[in-house]
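S.K.: What follows is a single structure, and I will ask about it in a moment.
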Amino acid sequence: MKITEKLFEAYLKCPLKCFLLSANEPMTPGLYAAWVRGQNDSYRNCQANRLAAEVLPNECIISPQRIEDVRGARWRLAINVTIREKNLQSNIHAVRKIPPMGRGRRRQFIPVRLIVRNKLTRDDKLLLAFDAHVLSEHLGRPIARGPLVHGDNGTTVSVNIAILLKTVRQVTSRIAKVLSTDSPPDLVLNRHCVECEFQPTCNRKAKEKDDLSLMSGILEKERKNLNKKGIFTVTHLSYMFRPRRKSKRSSDKGDRFTLTWRESPTGISIT
Ligand code: SF4
């Protein structure tokens with residue numbers, strides 16, 4: 001099975017999501033997940049049109065069928081390019097062609113990624129690095145840097161691809177392992193769940209299991225430590241609860257907050 005940019009992105013958020021996507025499990029996106037997807041799609045279209053307007057009409061090609069067309073044609077910007085190489089595939093938002101910078105130099109192909117968020121995350125950069133990895137494997141030439149266009153103002157950030165390639169290779173080999181097995185990774189609810197298309201199913205299963213990840217305040221490290229002690233459910237955890245012992249001094253003082261009822265001629269007041 002090919003490792004696509006969608007599986008790569010899903011794995012960065014949650015290994016289980018990557019497995020469910022690869023298995024073509026039915027999605028039931030909630031309202032928020034559908035809204036996020038709509039925002040991403042409309043931003044991508046809008047910024048792609050803006051990039052296309054920066055070059056002459058005959059210098060821009062849209063959705064080329066084969067990269068060979070992309071290599072040979074006289075263009076400067078290709079939008080919505082799908083590249084396949086070995087077990088990798090990426091739908092790249094846009095590819096810029098830079099003419100050779102001198103005699104004997106080769107022209108460069110640079111992937112561009114369009115991100116709706118104003119604040120970039122490491123995952124955004126890794127996704128651009130994945131695009132660059134697939135493109136460079138296909139072209140047989142390295143890609144050192146690539147731009148991320150993001151946010152309300154269409155700001156461009158140049159990302160150093162070279163330093164992210166090691167992580168991209170590690171993640172793709174982990175994805176290959178996930179895809180090669182029939183058993184799904186552990187279900188662990190996380191911050192991405194609110195915008196995940198599998199949220200209703202995962203939530204139901206987590207409640208059935210009474211899973212520890214239902215408690216959003218528990219960090220992954222704490223959860224693993226609890227698992228090592230044999231605690232896997234919220235009920236197990238609740239048995240560990242012991243009310244804090246009161247010191248002798250504080251028990252003499254009584255509770256910190258007390259309600260006192262006072263009867264007065266005008267009625268009852270609380271102090
Ligand atoms: S809902 Fe959460 S746990 Fe389930 S696949 Fe999506 S991100 Fe992973």
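Residues are referred to by chain and number: the chain letter is A, B, ... according to the order shown in the structure tokens, the number counts from 1 in that chain, and ligands are numbered separately from 1 in the order shown.
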Collect all residues with atoms no farther than 7 Å from ligand 1, counting only C-alpha atoms and all ligand atoms, and output them as a list in words.
M.R.: Lys13, Cys14, Pro15, Leu16, Lys17, Leu20, Leu187, Val188, Leu189, Asn190, His192, Cys193, Cys196, Glu197, Phe198, Gln199, Cys202 and Asn203 of chain A
S.K.: A:Pro57: which residues within 12 Å, counting only C-alpha atoms, same-chain residues fewer than 3 positions away excluded, as a PyMOL selection string?
M.R.: chain A and resi 49+51-54+60-62+74-78
S.K.: Keeping C-alpha atoms, export the residues of the selection given above as a PDB file, in the first residue's frame.
M.R.:
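Final output, out20.pdb:
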ATOM      1  CA  ASN A  49      -5.509  31.254  -7.486  1.00  0.00           C
ATOM      2  CA  LEU A  51      -0.157  32.194  -6.906  1.00  0.00           C
ATOM      3  CA  ALA A  52      -1.498  31.554 -10.423  1.00  0.00           C
ATOM      4  CA  ALA A  53      -2.236  35.268 -10.843  1.00  0.00           C
ATOM      5  CA  GLU A  54       1.447  36.040 -10.196  1.00  0.00           C
ATOM      6  CA  CYS A  60       0.700  27.937 -15.030  1.00  0.00           C
ATOM      7  CA  ILE A  61      -0.588  24.386 -15.392  1.00  0.00           C
ATOM      8  CA  ILE A  62      -3.275  22.820 -13.231  1.00  0.00           C
ATOM      9  CA  ARG A  74       7.197  25.538 -20.405  1.00  0.00           C
ATOM     10  CA  TRP A  75       5.689  26.479 -17.120  1.00  0.00           C
ATOM     11  CA  ARG A  76       6.745  28.167 -13.901  1.00  0.00           C
ATOM     12  CA  LEU A  77       3.974  27.057 -11.592  1.00  0.00           C
ATOM     13  CA  ALA A  78       2.087  23.747 -11.433  1.00  0.00           C
TER      14      ALA A  78
END
S.K.: Sorted by chain and rising residue number, which residues of stretch 35-106 of chain A lie within 10 Å of stretch 111-125 of chain A, and what are their closest atom pairs and distances in Å to one decimal, counting only C-alpha atoms, as CSV?
M.R.:
residue,atom,partner,partner_atom,distance
A:Val36,CA,A:Val116,CA,9.6
A:Gln39,CA,A:Val116,CA,7.2
A:Asn40,CA,A:Val116,CA,5.8
A:Asp41,CA,A:Val116,CA,8.9
A:Ser42,CA,A:Val116,CA,8.9
A:Tyr43,CA,A:Val116,CA,5.8
A:Arg44,CA,A:Leu114,CA,5.7
A:Asn45,CA,A:Leu114,CA,9.1
A:Cys46,CA,A:Leu114,CA,9.6
A:Gln47,CA,A:Leu114,CA,7.0
A:Ala48,CA,A:Leu114,CA,8.0
A:Leu77,CA,A:Val112,CA,9.9
A:Ala78,CA,A:Pro111,CA,9.5
A:Ile79,CA,A:Val112,CA,9.2
A:Val81,CA,A:Pro111,CA,9.4
A:Ile92,CA,A:Pro111,CA,6.7
A:His93,CA,A:Arg113,CA,5.5
A:Ala94,CA,A:Val112,CA,5.0
A:Val95,CA,A:Pro111,CA,4.5
A:Arg96,CA,A:Pro111,CA,6.4
A:Lys97,CA,A:Pro111,CA,9.1
S.K.: The selected residues should be written to file as a PDB file, in the first residue's frame (atoms: N, CA and C atoms).
M.R.:
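part38.pdb, freshly written:
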ATOM      1  N   VAL A  36     -13.540  22.391   9.626  1.00  0.00           N
ATOM      2  CA  VAL A  36     -12.078  22.496   9.475  1.00  0.00           C
ATOM      3  C   VAL A  36     -11.674  22.093   8.058  1.00  0.00           C
ATOM      4  N   GLN A  39     -12.576  24.827   5.624  1.00  0.00           N
ATOM      5  CA  GLN A  39     -11.648  25.956   5.734  1.00  0.00           C
ATOM      6  C   GLN A  39     -10.348  25.664   4.987  1.00  0.00           C
ATOM      7  N   ASN A  40      -9.813  24.447   5.197  1.00  0.00           N
ATOM      8  CA  ASN A  40      -8.551  24.079   4.538  1.00  0.00           C
ATOM      9  C   ASN A  40      -8.705  24.098   3.018  1.00  0.00           C
ATOM     10  N   ASP A  41      -9.812  23.510   2.536  1.00  0.00           N
ATOM     11  CA  ASP A  41     -10.010  23.425   1.078  1.00  0.00           C
ATOM     12  C   ASP A  41     -10.166  24.800   0.465  1.00  0.00           C
ATOM     13  N   SER A  42     -10.974  25.661   1.127  1.00  0.00           N
ATOM     14  CA  SER A  42     -11.211  26.964   0.504  1.00  0.00           C
ATOM     15  C   SER A  42      -9.949  27.820   0.551  1.00  0.00           C
ATOM     16  N   TYR A  43      -9.138  27.681   1.627  1.00  0.00           N
ATOM     17  CA  TYR A  43      -7.877  28.444   1.686  1.00  0.00           C
ATOM     18  C   TYR A  43      -6.929  27.975   0.586  1.00  0.00           C
ATOM     19  N   ARG A  44      -6.896  26.667   0.402  1.00  0.00           N
ATOM     20  CA  ARG A  44      -5.993  26.107  -0.622  1.00  0.00           C
ATOM     21  C   ARG A  44      -6.368  26.642  -2.008  1.00  0.00           C
ATOM     22  N   ASN A  45      -7.666  26.646  -2.318  1.00  0.00           N
ATOM     23  CA  ASN A  45      -8.122  27.156  -3.625  1.00  0.00           C
ATOM     24  C   ASN A  45      -7.787  28.625  -3.792  1.00  0.00           C
ATOM     25  N   CYS A  46      -8.086  29.380  -2.718  1.00  0.00           N
ATOM     26  CA  CYS A  46      -7.900  30.831  -2.779  1.00  0.00           C
ATOM     27  C   CYS A  46      -6.427  31.179  -2.992  1.00  0.00           C
ATOM     28  N   GLN A  47      -5.531  30.539  -2.229  1.00  0.00           N
ATOM     29  CA  GLN A  47      -4.100  30.854  -2.351  1.00  0.00           C
ATOM     30  C   GLN A  47      -3.526  30.326  -3.665  1.00  0.00           C
ATOM     31  N   ALA A  48      -4.051  29.199  -4.138  1.00  0.00           N
ATOM     32  CA  ALA A  48      -3.576  28.668  -5.434  1.00  0.00           C
ATOM     33  C   ALA A  48      -3.927  29.657  -6.541  1.00  0.00           C
ATOM     34  N   LEU A  77       4.746  27.459 -12.783  1.00  0.00           N
ATOM     35  CA  LEU A  77       3.974  27.057 -11.592  1.00  0.00           C
ATOM     36  C   LEU A  77       3.004  25.939 -11.972  1.00  0.00           C
ATOM     37  N   ALA A  78       3.048  24.843 -11.224  1.00  0.00           N
ATOM     38  CA  ALA A  78       2.087  23.747 -11.433  1.00  0.00           C
ATOM     39  C   ALA A  78       1.267  23.618 -10.157  1.00  0.00           C
ATOM     40  N   ILE A  79      -0.052  23.576 -10.323  1.00  0.00           N
ATOM     41  CA  ILE A  79      -0.933  23.509  -9.146  1.00  0.00           C
ATOM     42  C   ILE A  79      -1.557  22.122  -9.081  1.00  0.00           C
ATOM     43  N   VAL A  81      -0.376  18.887  -7.951  1.00  0.00           N
ATOM     44  CA  VAL A  81       0.452  17.899  -8.662  1.00  0.00           C
ATOM     45  C   VAL A  81       0.517  16.617  -7.830  1.00  0.00           C
ATOM     46  N   ILE A  92       0.754  17.313  -4.084  1.00  0.00           N
ATOM     47  CA  ILE A  92       1.449  18.550  -3.688  1.00  0.00           C
ATOM     48  C   ILE A  92       0.598  19.747  -4.106  1.00  0.00           C
ATOM     49  N   HIS A  93       0.428  20.696  -3.182  1.00  0.00           N
ATOM     50  CA  HIS A  93      -0.445  21.845  -3.463  1.00  0.00           C
ATOM     51  C   HIS A  93       0.030  22.620  -4.689  1.00  0.00           C
ATOM     52  N   ALA A  94       1.339  22.872  -4.771  1.00  0.00           N
ATOM     53  CA  ALA A  94       1.877  23.575  -5.952  1.00  0.00           C
ATOM     54  C   ALA A  94       3.366  23.264  -6.063  1.00  0.00           C
ATOM     55  N   VAL A  95       3.865  23.308  -7.298  1.00  0.00           N
ATOM     56  CA  VAL A  95       5.309  23.126  -7.526  1.00  0.00           C
ATOM     57  C   VAL A  95       5.797  24.328  -8.336  1.00  0.00           C
ATOM     58  N   ARG A  96       6.857  24.947  -7.859  1.00  0.00           N
ATOM     59  CA  ARG A  96       7.469  26.062  -8.609  1.00  0.00           C
ATOM     60  C   ARG A  96       8.685  25.535  -9.358  1.00  0.00           C
ATOM     61  N   LYS A  97       8.840  26.026 -10.578  1.00  0.00           N
ATOM     62  CA  LYS A  97      10.052  25.656 -11.320  1.00  0.00           C
ATOM     63  C   LYS A  97      10.963  26.878 -11.368  1.00  0.00           C
TER      64      LYS A  97
END
S.K.: According to DSSP computed on the backbone, where in stretch 157-219 of chain A is there strand (DSSP E or B)? Give the residues as a short mmCIF file (atom, residue, chain, number, x, y, z; two decimals) with C-alpha atoms, in the first residue's frame.
M.R.:
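Dumped to result-v3.cif:
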data_model
loop_
_atom_site.label_atom_id
_atom_site.label_comp_id
_atom_site.auth_asym_id
_atom_site.auth_seq_id
_atom_site.Cartn_x
_atom_site.Cartn_y
_atom_site.Cartn_z
CA VAL A 157 7.94 31.02 5.42
CA SER A 158 10.98 29.28 3.97
CA VAL A 159 11.48 25.88 5.61
CA ASN A 160 14.80 24.05 5.81
CA ASP A 211 -10.32 4.14 28.95
#
S.K.: Using only C-alpha atoms, pick whichever of A:Pro29, A:Ser216, A:Asn227, A:Arg105 has the shortest atom-to-atom distance to A:Thr201.
M.R.: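 Nearest candidate to A:Thr201 out of A:Pro29, A:Ser216, A:Asn227, A:Arg105: A:Pro29.
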S.K.: Could you check how far atom CA of A:Leu148 sits from atom CA of A:Lys166, in Å to one decimal?
M.R.: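 Calculated distance between atom CA of A:Leu148 and atom CA of A:Lys166 is 19.3 Å.
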S.K.: I want to know what sits within 12 Å of A:Arg223, based on only C-alpha atoms, with residues of the same chain fewer than 3 positions away left out; could you give that as a list of chain:residue names?
M.R.: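 Once the adjacent positions are removed, what remains is A:Val188, A:Leu189, A:Asp211, A:Leu212, A:Ser213, A:Leu214, A:Met215, A:Ser216, A:Gly217, A:Ile218, A:Leu219, A:Glu220, A:Leu226, A:Asn227, A:Lys228, A:Lys229, A:Gly230, A:Ile231, A:Phe232, A:Thr233, A:Val234, A:Leu237.
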S.K.: Which residues, written as a ChimeraX atom specification, have at least one atom at most 12 Å from stretch 7-10 of chain A, with only C-alpha atoms counted and residues fewer than 4 positions away on the same chain left out?
M.R.: /A:1-3,14-24,88-91,122-131,134,167-176,178-179,192-193,195-198
S.K.: Could you check how far atom CA of A:Lys86 sits from atom CA of A:Leu164, in Å to one decimal?
M.R.: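 Answer for the atom CA of A:Lys86 to atom CA of A:Leu164 separation: 20.3 Å.
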S.K.: Can you tell me how far atom CA of A:Met101 sits from atom CA of A:Gly146, in Å to one decimal?
M.R.: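 Interatomic distance here is 16.7 Å.
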